[in-house]
$ cat input-v6.pdb   # PDB, C-alpha atoms
ATOM      1  CA  MET A   1       3.426  -2.979  -8.454
ATOM      2  CA  HIS A   2       5.101   0.383  -8.992
ATOM      3  CA  ILE A   3       4.565   1.582 -12.548
ATOM      4  CA  PRO A   4       7.661   3.327 -13.917
ATOM      5  CA  ASP A   5       7.508   6.307 -16.251
ATOM      6  CA  GLY A   6       7.098   5.418 -19.917
ATOM      7  CA  PHE A   7       4.688   2.456 -19.776
ATOM      8  CA  ILE A   8       1.635   4.729 -20.068
ATOM      9  CA  ASP A   9       1.535   7.933 -22.135
ATOM     10  CA  ILE A  10       1.512  11.404 -20.581
ATOM     11  CA  PRO A  11      -2.120  12.426 -21.314
ATOM     12  CA  THR A  12      -3.444   9.216 -19.735
ATOM     13  CA  SER A  13      -1.065   9.576 -16.783
ATOM     14  CA  ALA A  14      -2.244  13.172 -16.295
ATOM     15  CA  ALA A  15      -5.900  12.120 -16.411
ATOM     16  CA  PHE A  16      -5.326   9.446 -13.773
ATOM     17  CA  ALA A  17      -3.336  11.932 -11.675
ATOM     18  CA  ALA A  18      -6.427  14.172 -11.729
ATOM     19  CA  ILE A  19      -8.693  11.294 -10.684
ATOM     20  CA  ALA A  20      -6.206  10.352  -7.958
ATOM     21  CA  ALA A  21      -6.167  13.965  -6.709
ATOM     22  CA  VAL A  22      -9.968  14.023  -6.490
ATOM     23  CA  GLY A  23      -9.934  10.708  -4.603
ATOM     24  CA  VAL A  24      -7.282  11.922  -2.170
ATOM     25  CA  GLY A  25      -9.200  15.176  -1.651
ATOM     26  CA  ALA A  26     -12.396  13.300  -0.839
ATOM     27  CA  SER A  27     -10.443  11.006   1.484
ATOM     28  CA  LEU A  28      -9.026  13.995   3.400
ATOM     29  CA  LYS A  29     -12.605  14.951   4.238
ATOM     30  CA  GLY A  30     -13.668  11.414   5.103
ATOM     31  CA  ALA A  31     -10.530  10.784   7.156
ATOM     32  CA  ALA A  32     -11.014  13.924   9.242
ATOM     33  CA  LYS A  33     -14.350  12.529  10.420
ATOM     34  CA  SER A  34     -12.954   9.166  11.504
ATOM     35  CA  LEU A  35      -9.645  10.234  13.104
ATOM     36  CA  ASP A  36      -9.446  10.866  16.844
ATOM     37  CA  GLU A  37      -6.911  10.764  19.692
ATOM     38  CA  LYS A  38      -6.732   6.970  19.543
ATOM     39  CA  THR A  39      -6.871   6.259  15.816
ATOM     40  CA  ALA A  40      -4.518   9.007  14.531
ATOM     41  CA  PRO A  41      -1.373   7.262  15.884
ATOM     42  CA  LEU A  42      -2.518   3.883  14.492
ATOM     43  CA  ALA A  43      -3.000   5.582  11.108
ATOM     44  CA  GLY A  44       0.572   6.919  11.226
ATOM     45  CA  LEU A  45       1.897   3.524  12.265
ATOM     46  CA  THR A  46      -0.030   1.795   9.466
ATOM     47  CA  ALA A  47       1.560   4.000   6.786
ATOM     48  CA  THR A  48       5.022   3.547   8.327
ATOM     49  CA  PHE A  49       4.644  -0.214   8.646
ATOM     50  CA  ILE A  50       3.480  -0.548   5.029
ATOM     51  CA  PHE A  51       6.516   1.414   3.849
ATOM     52  CA  ALA A  52       8.820  -0.881   5.828
ATOM     53  CA  VAL A  53       7.198  -4.141   4.753
ATOM     54  CA  GLN A  54       7.134  -3.065   1.087
ATOM     55  CA  MET A  55      10.937  -3.202   1.251
ATOM     56  CA  ILE A  56      10.722  -6.966   1.793
ATOM     57  CA  ASN A  57      10.374  -8.676  -1.555
ATOM     58  CA  PHE A  58       9.405 -12.316  -1.098
ATOM     59  CA  PRO A  59      10.018 -14.989  -3.742
ATOM     60  CA  VAL A  60       6.833 -16.047  -5.566
ATOM     61  CA  ALA A  61       8.115 -18.218  -8.411
ATOM     62  CA  ALA A  62      11.367 -18.998 -10.150
ATOM     63  CA  GLY A  63      13.135 -15.694 -10.743
ATOM     64  CA  THR A  64      10.235 -13.581  -9.536
ATOM     65  CA  SER A  65       9.472 -11.730  -6.320
ATOM     66  CA  GLY A  66       6.607  -9.699  -4.933
ATOM     67  CA  HIS A  67       5.917  -7.386  -2.031
ATOM     68  CA  LEU A  68       2.985  -6.280   0.088
ATOM     69  CA  PHE A  69       0.584  -3.714  -1.393
ATOM     70  CA  GLY A  70      -0.990  -2.965   2.000
ATOM     71  CA  SER A  71      -4.271  -1.558   0.679
ATOM     72  CA  VAL A  72      -6.558  -3.928   2.609
ATOM     73  CA  LEU A  73      -4.319  -4.078   5.668
ATOM     74  CA  ALA A  74      -4.714  -0.303   5.947
ATOM     75  CA  ALA A  75      -8.439  -0.235   5.090
ATOM     76  CA  VAL A  76      -9.305  -2.827   7.764
ATOM     77  CA  LEU A  77      -7.135  -1.241  10.462
ATOM     78  CA  VAL A  78      -7.898   2.448   9.932
ATOM     79  CA  GLY A  79     -10.791   2.632   7.450
ATOM     80  CA  PRO A  80     -10.776   3.193   3.688
ATOM     81  CA  TYR A  81     -10.476   7.012   3.737
ATOM     82  CA  VAL A  82      -7.401   6.989   5.961
ATOM     83  CA  ALA A  83      -6.068   3.992   4.003
ATOM     84  CA  THR A  84      -6.225   5.963   0.751
ATOM     85  CA  LEU A  85      -4.167   8.709   2.391
ATOM     86  CA  ALA A  86      -1.707   6.281   3.996
ATOM     87  CA  LEU A  87      -1.041   4.466   0.703
ATOM     88  CA  SER A  88      -0.723   7.794  -1.144
ATOM     89  CA  VAL A  89       1.894   9.028   1.350
ATOM     90  CA  VAL A  90       3.868   5.796   0.975
ATOM     91  CA  LEU A  91       3.702   5.827  -2.846
ATOM     92  CA  LEU A  92       4.647   9.503  -3.161
ATOM     93  CA  LEU A  93       7.579   9.141  -0.753
ATOM     94  CA  GLN A  94       8.811   6.058  -2.619
ATOM     95  CA  ALA A  95       8.667   7.951  -5.918
ATOM     96  CA  LEU A  96      10.242  11.154  -4.566
ATOM     97  CA  LEU A  97      12.919   9.798  -2.207
ATOM     98  CA  PHE A  98      13.797   6.415  -3.676
ATOM     99  CA  ALA A  99      12.887   6.745  -7.388
ATOM    100  CA  ASP A 100      10.660   3.671  -6.892
ATOM    101  CA  GLY A 101       7.770   4.159  -9.299
ATOM    102  CA  GLY A 102       7.791   6.927 -11.880
ATOM    103  CA  LEU A 103       7.032  10.616 -11.355
ATOM    104  CA  THR A 104       4.556  11.117 -14.201
ATOM    105  CA  ALA A 105       3.280   7.637 -13.256
ATOM    106  CA  ALA A 106       2.577   8.681  -9.643
ATOM    107  CA  GLY A 107      -1.115   9.262 -10.354
ATOM    108  CA  LEU A 108      -1.388   5.842 -12.013
ATOM    109  CA  ASN A 109       0.111   4.170  -8.956
ATOM    110  CA  VAL A 110      -2.044   6.103  -6.475
ATOM    111  CA  PHE A 111      -5.119   5.185  -8.538
ATOM    112  CA  ASN A 112      -4.313   1.462  -8.561
ATOM    113  CA  LEU A 113      -3.151   0.939  -4.975
ATOM    114  CA  ALA A 114      -4.625   3.805  -2.943
ATOM    115  CA  LEU A 115      -8.013   3.937  -4.693
ATOM    116  CA  VAL A 116      -8.791   0.631  -6.487
ATOM    117  CA  GLY A 117      -6.873  -1.618  -4.057
ATOM    118  CA  VAL A 118      -8.277   0.105  -0.984
ATOM    119  CA  TRP A 119     -11.913   0.534  -2.019
ATOM    120  CA  VAL A 120     -12.431  -2.716  -3.928
ATOM    121  CA  GLY A 121     -10.555  -4.505  -1.163
ATOM    122  CA  TYR A 122     -12.624  -2.875   1.552
ATOM    123  CA  GLY A 123     -15.821  -3.717  -0.342
ATOM    124  CA  VAL A 124     -14.797  -7.387  -0.482
ATOM    125  CA  PHE A 125     -13.908  -7.244   3.231
ATOM    126  CA  LEU A 126     -17.401  -5.942   4.106
ATOM    127  CA  LEU A 127     -19.097  -8.572   1.926
ATOM    128  CA  VAL A 128     -17.149 -11.487   3.394
ATOM    129  CA  LYS A 129     -17.609 -10.132   6.923
ATOM    130  CA  LYS A 130     -21.380 -10.091   6.338
ATOM    131  CA  ILE A 131     -21.435 -13.774   5.377
ATOM    132  CA  LEU A 132     -19.195 -14.994   8.228
ATOM    133  CA  PRO A 133     -20.184 -15.267  11.912
ATOM    134  CA  LYS A 134     -19.787 -12.055  13.892
ATOM    135  CA  ASN A 135     -16.564 -12.749  15.768
ATOM    136  CA  LYS A 136     -12.924 -11.724  15.863
ATOM    137  CA  SER A 137     -11.544 -14.502  13.678
ATOM    138  CA  SER A 138     -14.003 -13.563  10.921
ATOM    139  CA  ILE A 139     -12.353 -10.133  10.743
ATOM    140  CA  THR A 140      -8.991 -11.767  10.035
ATOM    141  CA  THR A 141     -10.479 -14.201   7.506
ATOM    142  CA  ALA A 142     -12.328 -11.429   5.694
ATOM    143  CA  ALA A 143      -9.150  -9.301   5.657
ATOM    144  CA  ALA A 144      -7.147 -12.209   4.197
ATOM    145  CA  ILE A 145      -9.648 -12.861   1.392
ATOM    146  CA  ALA A 146      -9.969  -9.147   0.639
ATOM    147  CA  GLY A 147      -6.176  -8.795   0.680
ATOM    148  CA  PHE A 148      -5.873 -11.570  -1.873
ATOM    149  CA  ILE A 149      -8.532 -10.009  -4.168
ATOM    150  CA  SER A 150      -7.073  -6.495  -3.856
ATOM    151  CA  VAL A 151      -3.943  -7.495  -5.785
ATOM    152  CA  PRO A 152      -5.662  -8.647  -9.022
ATOM    153  CA  ALA A 153      -8.050  -5.688  -8.557
ATOM    154  CA  ALA A 154      -5.105  -3.279  -8.644
ATOM    155  CA  VAL A 155      -3.777  -5.127 -11.708
ATOM    156  CA  MET A 156      -7.159  -4.503 -13.386
ATOM    157  CA  GLY A 157      -6.570  -0.794 -12.710
ATOM    158  CA  PHE A 158      -3.308  -1.065 -14.610
ATOM    159  CA  LEU A 159      -5.062  -2.962 -17.391
ATOM    160  CA  LEU A 160      -7.534  -0.084 -17.751
ATOM    161  CA  GLN A 161      -4.634   2.367 -17.946
ATOM    162  CA  TYR A 162      -2.861   0.147 -20.466
ATOM    163  CA  ALA A 163      -6.009  -0.080 -22.613
ATOM    164  CA  ILE A 164      -6.405   3.706 -22.672
ATOM    165  CA  GLY A 165      -2.859   4.920 -23.139
ATOM    166  CA  ALA A 166      -0.066   2.358 -23.378
ATOM    167  CA  ASN A 167       3.149   3.261 -25.179
ATOM    168  CA  SER A 168       3.256  -0.325 -26.461
ATOM    169  CA  THR A 169       0.747  -2.326 -28.480
ATOM    170  CA  PHE A 170       0.356  -5.741 -26.899
ATOM    171  CA  SER A 171      -3.122  -7.232 -26.795
ATOM    172  CA  LEU A 172      -5.060  -6.775 -23.578
ATOM    173  CA  THR A 173      -5.397 -10.549 -23.360
ATOM    174  CA  ALA A 174      -1.619 -10.934 -23.400
ATOM    175  CA  VAL A 175      -1.176  -8.231 -20.750
ATOM    176  CA  PHE A 176      -3.988  -9.682 -18.614
ATOM    177  CA  THR A 177      -2.637 -13.235 -18.752
ATOM    178  CA  GLY A 178       0.973 -12.207 -18.185
ATOM    179  CA  MET A 179       0.173  -9.921 -15.260
ATOM    180  CA  MET A 180      -2.364 -12.149 -13.535
ATOM    181  CA  SER A 181      -0.205 -15.279 -13.602
ATOM    182  CA  THR A 182       2.353 -13.657 -11.271
ATOM    183  CA  HIS A 183      -0.008 -11.418  -9.314
ATOM    184  CA  VAL A 184      -2.282 -14.239  -8.195
ATOM    185  CA  LEU A 185       0.808 -15.621  -6.428
ATOM    186  CA  ILE A 186       1.679 -12.199  -5.013
ATOM    187  CA  GLY A 187      -1.955 -12.038  -3.780
ATOM    188  CA  ILE A 188      -1.313 -15.111  -1.634
ATOM    189  CA  GLY A 189       1.632 -13.330   0.001
ATOM    190  CA  GLU A 190      -0.596 -10.291   0.460
ATOM    191  CA  ALA A 191      -3.196 -12.432   2.252
ATOM    192  CA  VAL A 192      -0.559 -13.974   4.549
ATOM    193  CA  ILE A 193       1.003 -10.649   5.597
ATOM    194  CA  THR A 194      -2.420  -8.988   5.970
ATOM    195  CA  THR A 195      -3.495 -11.871   8.232
ATOM    196  CA  PHE A 196      -0.384 -11.530  10.424
ATOM    197  CA  ALA A 197      -0.722  -7.776  10.834
ATOM    198  CA  VAL A 198      -4.488  -7.721  11.446
ATOM    199  CA  THR A 199      -4.172 -10.630  13.920
ATOM    200  CA  ALA A 200      -1.451  -8.770  15.849
ATOM    201  CA  VAL A 201      -3.515  -5.604  16.205
ATOM    202  CA  MET A 202      -6.738  -7.542  16.943
ATOM    203  CA  ALA A 203      -4.890  -9.390  19.725
ATOM    204  CA  SER A 204      -3.558  -6.256  21.379
ATOM    205  CA  ARG A 205      -6.008  -3.429  20.619
ATOM    206  CA  PRO A 206      -9.201  -4.694  18.916
ATOM    207  CA  ASP A 207     -10.943  -1.489  20.015
ATOM    208  CA  LEU A 208      -8.797   0.460  17.523
ATOM    209  CA  VAL A 209      -9.567  -1.732  14.497
ATOM    210  CA  TYR A 210     -11.905   0.157  12.165
ATOM    211  CA  GLY A 211     -13.227  -2.975  10.456
ATOM    212  CA  TYR A 212     -14.050  -4.528  13.832
ATOM    213  CA  ARG A 213     -15.675  -1.493  15.389
ATOM    214  CA  GLY A 214     -18.170  -1.591  12.511
ATOM    215  CA  THR A 215     -19.153  -5.128  13.535
ATOM    216  CA  LYS A 216     -19.963  -4.121  17.066
ATOM    217  CA  GLN A 217     -22.114  -1.239  15.881
ATOM    218  CA  GLN A 218     -24.073  -3.558  13.614
ATOM    219  CA  LEU A 219     -24.716  -5.886  16.517
ATOM    220  CA  GLU A 220     -26.014  -3.076  18.671
ATOM    221  CA  ILE A 221     -28.424  -1.931  16.004
ATOM    222  CA  ARG A 222     -29.837  -5.430  15.572
ATOM    223  CA  LYS A 223     -30.359  -5.925  19.279
ATOM    224  CA  ALA A 224     -32.163  -2.640  19.793
TER     225      ALA A 224
ATOM    226  CA  MET B 225       1.467   8.228  22.927
ATOM    227  CA  LYS B 226       0.640   5.922  25.791
ATOM    228  CA  ASN B 227      -0.258   3.052  23.510
ATOM    229  CA  PRO B 228       2.504   0.386  23.533
ATOM    230  CA  LEU B 229       1.184  -1.012  20.221
ATOM    231  CA  ILE B 230       2.349   2.151  18.461
ATOM    232  CA  LEU B 231       5.861   2.128  19.925
ATOM    233  CA  VAL B 232       6.295  -1.598  19.334
ATOM    234  CA  GLY B 233       4.948  -1.211  15.774
ATOM    235  CA  LEU B 234       7.349   1.625  15.003
ATOM    236  CA  ALA B 235      10.265  -0.365  16.420
ATOM    237  CA  VAL B 236       9.280  -3.383  14.305
ATOM    238  CA  SER B 237       9.080  -1.134  11.209
ATOM    239  CA  LEU B 238      12.596   0.190  11.897
ATOM    240  CA  VAL B 239      13.981  -3.323  12.303
ATOM    241  CA  ILE B 240      12.289  -4.508   9.096
ATOM    242  CA  ALA B 241      13.387  -1.546   6.960
ATOM    243  CA  GLY B 242      16.790  -1.084   8.597
ATOM    244  CA  GLY B 243      17.865  -4.704   9.004
ATOM    245  CA  ILE B 244      15.650  -7.465   7.655
ATOM    246  CA  SER B 245      15.264  -5.734   4.266
ATOM    247  CA  TYR B 246      18.831  -6.849   3.489
ATOM    248  CA  TYR B 247      17.544 -10.401   3.210
ATOM    249  CA  ALA B 248      14.681  -9.541   0.821
ATOM    250  CA  SER B 249      14.556 -11.396  -2.481
ATOM    251  CA  SER B 250      16.617  -9.620  -5.114
ATOM    252  CA  GLN B 251      14.750 -11.313  -7.955
ATOM    253  CA  PRO B 252      12.834  -8.892 -10.202
ATOM    254  CA  ASP B 253       9.447  -7.758  -8.905
ATOM    255  CA  GLY B 254       6.465  -9.620 -10.425
ATOM    256  CA  PHE B 255       5.193  -6.504 -12.186
ATOM    257  CA  GLU B 256       8.539  -5.802 -13.827
ATOM    258  CA  LYS B 257       9.062  -9.458 -14.629
ATOM    259  CA  SER B 258       5.627  -9.798 -16.262
ATOM    260  CA  ALA B 259       6.190  -6.597 -18.236
ATOM    261  CA  GLY B 260       9.408  -8.147 -19.548
ATOM    262  CA  GLU B 261       7.750 -11.442 -20.478
ATOM    263  CA  ILE B 262       4.832  -9.728 -22.205
ATOM    264  CA  GLY B 263       7.362  -7.494 -23.971
ATOM    265  CA  PHE B 264       6.868  -3.874 -22.917
ATOM    266  CA  LEU B 265       9.499  -3.531 -20.178
ATOM    267  CA  ASP B 266      11.736  -1.625 -22.626
ATOM    268  CA  THR B 267       9.185   1.212 -22.791
ATOM    269  CA  ALA B 268      10.096   2.060 -19.169
ATOM    270  CA  GLU B 269      12.031   5.280 -18.693
ATOM    271  CA  ASP B 270      14.259   6.172 -15.763
ATOM    272  CA  SER B 271      12.566   8.366 -13.207
ATOM    273  CA  PRO B 272      13.872  11.959 -13.354
ATOM    274  CA  LEU B 273      14.943  11.226  -9.770
ATOM    275  CA  ALA B 274      16.886   8.062 -10.669
ATOM    276  CA  GLY B 275      20.128   9.865  -9.802
ATOM    277  CA  SER B 276      18.944  11.049  -6.382
ATOM    278  CA  PRO B 277      21.079  10.177  -3.339
ATOM    279  CA  LEU B 278      18.606   7.542  -2.079
ATOM    280  CA  ALA B 279      17.578   6.046  -5.444
ATOM    281  CA  GLU B 280      16.849   2.297  -5.407
ATOM    282  CA  TYR B 281      16.900   2.159  -1.593
ATOM    283  CA  GLY B 282      20.567   2.826  -1.092
ATOM    284  CA  VAL B 283      22.536   5.790   0.206
ATOM    285  CA  ALA B 284      24.898   7.238  -2.398
ATOM    286  CA  GLY B 285      28.517   6.999  -1.295
ATOM    287  CA  VAL B 286      27.987   4.232   1.265
ATOM    288  CA  GLU B 287      29.888   1.243  -0.108
ATOM    289  CA  ASN B 288      28.667  -1.461   2.277
ATOM    290  CA  ASP B 289      25.395  -2.854   0.858
ATOM    291  CA  ARG B 290      23.962  -3.795   4.214
ATOM    292  CA  LEU B 291      24.688  -0.362   5.687
ATOM    293  CA  SER B 292      23.555   1.523   2.583
ATOM    294  CA  GLY B 293      20.230  -0.298   2.309
ATOM    295  CA  GLY B 294      19.660  -0.249   6.055
ATOM    296  CA  LEU B 295      20.274   3.493   6.279
ATOM    297  CA  ALA B 296      17.931   4.110   3.342
ATOM    298  CA  GLY B 297      15.297   2.004   5.112
ATOM    299  CA  VAL B 298      15.680   3.935   8.365
ATOM    300  CA  ILE B 299      15.477   7.255   6.493
ATOM    301  CA  GLY B 300      12.350   5.980   4.703
ATOM    302  CA  VAL B 301      10.679   4.858   7.932
ATOM    303  CA  ALA B 302      11.509   8.144   9.657
ATOM    304  CA  SER B 303      10.208  10.187   6.693
ATOM    305  CA  THR B 304       7.015   8.149   6.332
ATOM    306  CA  ALA B 305       6.372   8.370  10.077
ATOM    307  CA  ALA B 306       7.024  12.130  10.228
ATOM    308  CA  ILE B 307       4.748  12.906   7.272
ATOM    309  CA  SER B 308       1.944  10.465   8.042
ATOM    310  CA  PHE B 309       1.776  11.203  11.797
ATOM    311  CA  GLY B 310       1.812  14.912  10.863
ATOM    312  CA  ILE B 311      -1.063  14.528   8.409
ATOM    313  CA  PHE B 312      -3.208  12.289  10.615
ATOM    314  CA  TYR B 313      -2.705  14.301  13.813
ATOM    315  CA  GLY B 314      -3.368  17.444  11.765
ATOM    316  CA  LEU B 315      -6.594  16.050  10.325
ATOM    317  CA  ARG B 316      -7.730  15.009  13.789
ATOM    318  CA  ARG B 317      -7.287  18.580  15.041
ATOM    319  CA  PHE B 318      -9.058  19.928  11.992
ATOM    320  CA  ASN B 319     -11.907  17.560  12.827
ATOM    321  CA  LYS B 320     -12.054  18.739  16.433
ATOM    322  CA  SER B 321     -12.248  22.410  15.494
ATOM    323  CA  LYS B 322     -15.494  21.745  13.651
ATOM    324  CA  PRO B 323     -18.755  22.293  15.534
TER     325      PRO B 323
END

$ encode --input "input-v6.pdb" --output "structure tokens"
Amino acid sequence: MHIPDGFIDIPTSAAFAAIAAVGVGASLKGAAKSLDEKTAPLAGLTATFIFAVQMINFPVAAGTSGHLFGSVLAAVLVGPYVATLALSVVLLLQALLFADGGLTAAGLNVFNLALVGVWVGYGVFLLVKKILPKNKSSITTAAAIAGFISVPAAVMGFLLQYAIGANSTFSLTAVFTGMMSTHVLIGIGEAVITTFAVTAVMASRPDLVYGYRGTKQQLEIRKA
Amino acid sequence: MKNPLILVGLAVSLVIAGGISYYASSQPDGFEKSAGEIGFLDTAEDSPLAGSPLAEYGVAGVENDRLSGGLAGVIGVASTAAISFGIFYGLRRFNKSKP
């Protein structure tokens, strides 16, 4: 979901660029607190892996494809602050190097994927994790469900932008229906890839997984 | 970097972007496709960088599609890794310097 230039007018794009900048600034602070010797390389890998996997468009319906967003994958592995930065790096590089996603639209894209996708997705992950038993497979299940939800959540971000400053005049209902019908399917792909990646890291280095470390801390507090 | 997960992960990323990406679906992306069906795809404008040497994940001047896309993928992985490892290692140091 890379918005090109032209869909949304310049004033709205500028306003969302400002919001995105504030979010990235706050995430720089939050990320500095959570990064250490062990998690900094995983953070770099997460951004790199998301870039690579976003190149793989998978078929979702006749004549339509989709690709990973990566918002929840990143949030679960390295925490939401670092995830916001990782997604922002990927989106800005895609726009600057590969002309994938517009330039004036960069703030719109960072808002939808690096802020809405990451933070709504991470919120869903925490909620689902709370309901499920406290074990490793619950982390993967919660990540899959959150990954699925993060895609329509990011689409809602676009819907907000469309409502405020679209350069076209289709009804919000038409845009909502049209966008959701394909993105629900893309959300399934998102859940599958998120599951694979989180499972792989949980199998090899669960100690590095941000969303899992939180679980252990909760357990300790309850026992004390 | 003593962690094998990181090296394996970076190698996998290179293989995906440099090789497997050739087999990705070339059907239009769901966002673009929906925009077309709803009717506002024609309001899209070319990025000012649409003429850049790596635009649309290919290397300008490289005729072979597989090579062009693969090279673009490798360049993308290397750039993302350089910038993101730089930022995250930098932030970690910044964190350490605090009391």

$ resolve_selection --input "input-v6.pdb" --expression "the ChimeraX specification (/A :<8) & /B" --output "ChimeraX atom specification"
/B:225,229-230,233-234,236-238,240-241,244-245,247-259,261-265,267-274,276,278-281,297,300-301,303-305,307-309,312-313,315-316,318-319

$ axis_aligned_box --input "input-v6.pdb" --around "stretch 143-146 of chain A" --padding-each-side "8 Å" --output "JSON"
{"center_x": -8.6, "center_y": -11.0, "center_z": 3.1, "size_x": 18.8, "size_y": 19.7, "size_z": 21.0}

$ resolve_selection --input "input-v6.pdb" --expression "the PyMOL selection byres ((chain A and resi 12) around 10)" --output "JSON, numbers by chain"
{"A": [8, 9, 10, 11, 13, 14, 15, 16, 17, 18, 104, 105, 107, 108, 161, 162, 164, 165, 166]}

$ write_last_selection --input "input-v6.pdb" --atoms "C-alpha atoms" --output "compact mmCIF listing (two decimals), keeping the file's coordinate frame"
# COMPACT_ATOMS: atom_id res chain seq x y z
CA ILE A 8 1.64 4.73 -20.07
CA ASP A 9 1.54 7.93 -22.14
CA ILE A 10 1.51 11.40 -20.58
CA PRO A 11 -2.12 12.43 -21.31
CA SER A 13 -1.06 9.58 -16.78
CA ALA A 14 -2.24 13.17 -16.30
CA ALA A 15 -5.90 12.12 -16.41
CA PHE A 16 -5.33 9.45 -13.77
CA ALA A 17 -3.34 11.93 -11.68
CA ALA A 18 -6.43 14.17 -11.73
CA THR A 104 4.56 11.12 -14.20
CA ALA A 105 3.28 7.64 -13.26
CA GLY A 107 -1.12 9.26 -10.35
CA LEU A 108 -1.39 5.84 -12.01
CA GLN A 161 -4.63 2.37 -17.95
CA TYR A 162 -2.86 0.15 -20.47
CA ILE A 164 -6.40 3.71 -22.67
CA GLY A 165 -2.86 4.92 -23.14
CA ALA A 166 -0.07 2.36 -23.38

$ residues_around --input "input-v6.pdb" --residues "A:Val116" --least-positions-apart "6" --cutoff "9 Å" --atoms "only C-alpha atoms" --output "list in words"
Ser71, Val110, Ser150, Ala153, Ala154, Met156 and Gly157 of chain A

$ resolve_selection --input "input-v6.pdb" --expression "the PyMOL selection byres ((chain A and resi 187) around 7)" --output "mmCIF file with C-alpha atoms, in the coordinates of the input"
data_model
loop_
_atom_site.group_PDB
_atom_site.id
_atom_site.type_symbol
_atom_site.label_atom_id
_atom_site.label_comp_id
_atom_site.auth_asym_id
_atom_site.auth_seq_id
_atom_site.Cartn_x
_atom_site.Cartn_y
_atom_site.Cartn_z
ATOM 1 C CA GLY A 147 -6.176 -8.795 0.680
ATOM 2 C CA PHE A 148 -5.873 -11.570 -1.873
ATOM 3 C CA ILE A 149 -8.532 -10.009 -4.168
ATOM 4 C CA VAL A 151 -3.943 -7.495 -5.785
ATOM 5 C CA HIS A 183 -0.008 -11.418 -9.314
ATOM 6 C CA VAL A 184 -2.282 -14.239 -8.195
ATOM 7 C CA LEU A 185 0.808 -15.621 -6.428
ATOM 8 C CA ILE A 186 1.679 -12.199 -5.013
ATOM 9 C CA ILE A 188 -1.313 -15.111 -1.634
ATOM 10 C CA GLY A 189 1.632 -13.330 0.001
ATOM 11 C CA GLU A 190 -0.596 -10.291 0.460
ATOM 12 C CA ALA A 191 -3.196 -12.432 2.252
#

$ atom_distance --input "input-v6.pdb" --atom1 "atom CA of A:Ser27" --atom2 "atom CA of A:Tyr81"
4.6 Å

$ atom_distance --input "input-v6.pdb" --atom1 "atom CA of A:Asn109" --atom2 "atom CA of A:Val192"
22.6 Å

$ atom_distance --input "input-v6.pdb" --atom1 "atom CA of A:Pro206" --atom2 "atom CA of A:Ser138"
12.9 Å

$ decode --input "input-v6.pdb" --residues "stretch 165-182 of chain A" --atoms "C-alpha atoms" --output "PDB file, in the first residue's frame"
ATOM      1  CA  GLY A 165      -7.938  15.913   1.138  1.00  0.00           C
ATOM      2  CA  ALA A 166      -8.572  13.656  -1.849  1.00  0.00           C
ATOM      3  CA  ASN A 167      -8.051  15.008  -5.356  1.00  0.00           C
ATOM      4  CA  SER A 168     -11.064  12.942  -6.434  1.00  0.00           C
ATOM      5  CA  THR A 169     -14.648  12.927  -5.194  1.00  0.00           C
ATOM      6  CA  PHE A 170     -15.747   9.342  -4.690  1.00  0.00           C
ATOM      7  CA  SER A 171     -17.911   8.585  -1.677  1.00  0.00           C
ATOM      8  CA  LEU A 172     -16.132   7.276   1.395  1.00  0.00           C
ATOM      9  CA  THR A 173     -18.381   4.222   1.275  1.00  0.00           C
ATOM     10  CA  ALA A 174     -17.187   3.423  -2.240  1.00  0.00           C
ATOM     11  CA  VAL A 175     -13.535   3.896  -1.256  1.00  0.00           C
ATOM     12  CA  PHE A 176     -13.997   1.856   1.939  1.00  0.00           C
ATOM     13  CA  THR A 177     -15.712  -1.044   0.171  1.00  0.00           C
ATOM     14  CA  GLY A 178     -13.306  -1.072  -2.766  1.00  0.00           C
ATOM     15  CA  MET A 179     -10.192  -0.922  -0.597  1.00  0.00           C
ATOM     16  CA  MET A 180     -11.303  -3.364   2.082  1.00  0.00           C
ATOM     17  CA  SER A 181     -12.403  -6.084  -0.337  1.00  0.00           C
ATOM     18  CA  THR A 182      -8.811  -6.562  -1.553  1.00  0.00           C
TER      19      THR A 182
END
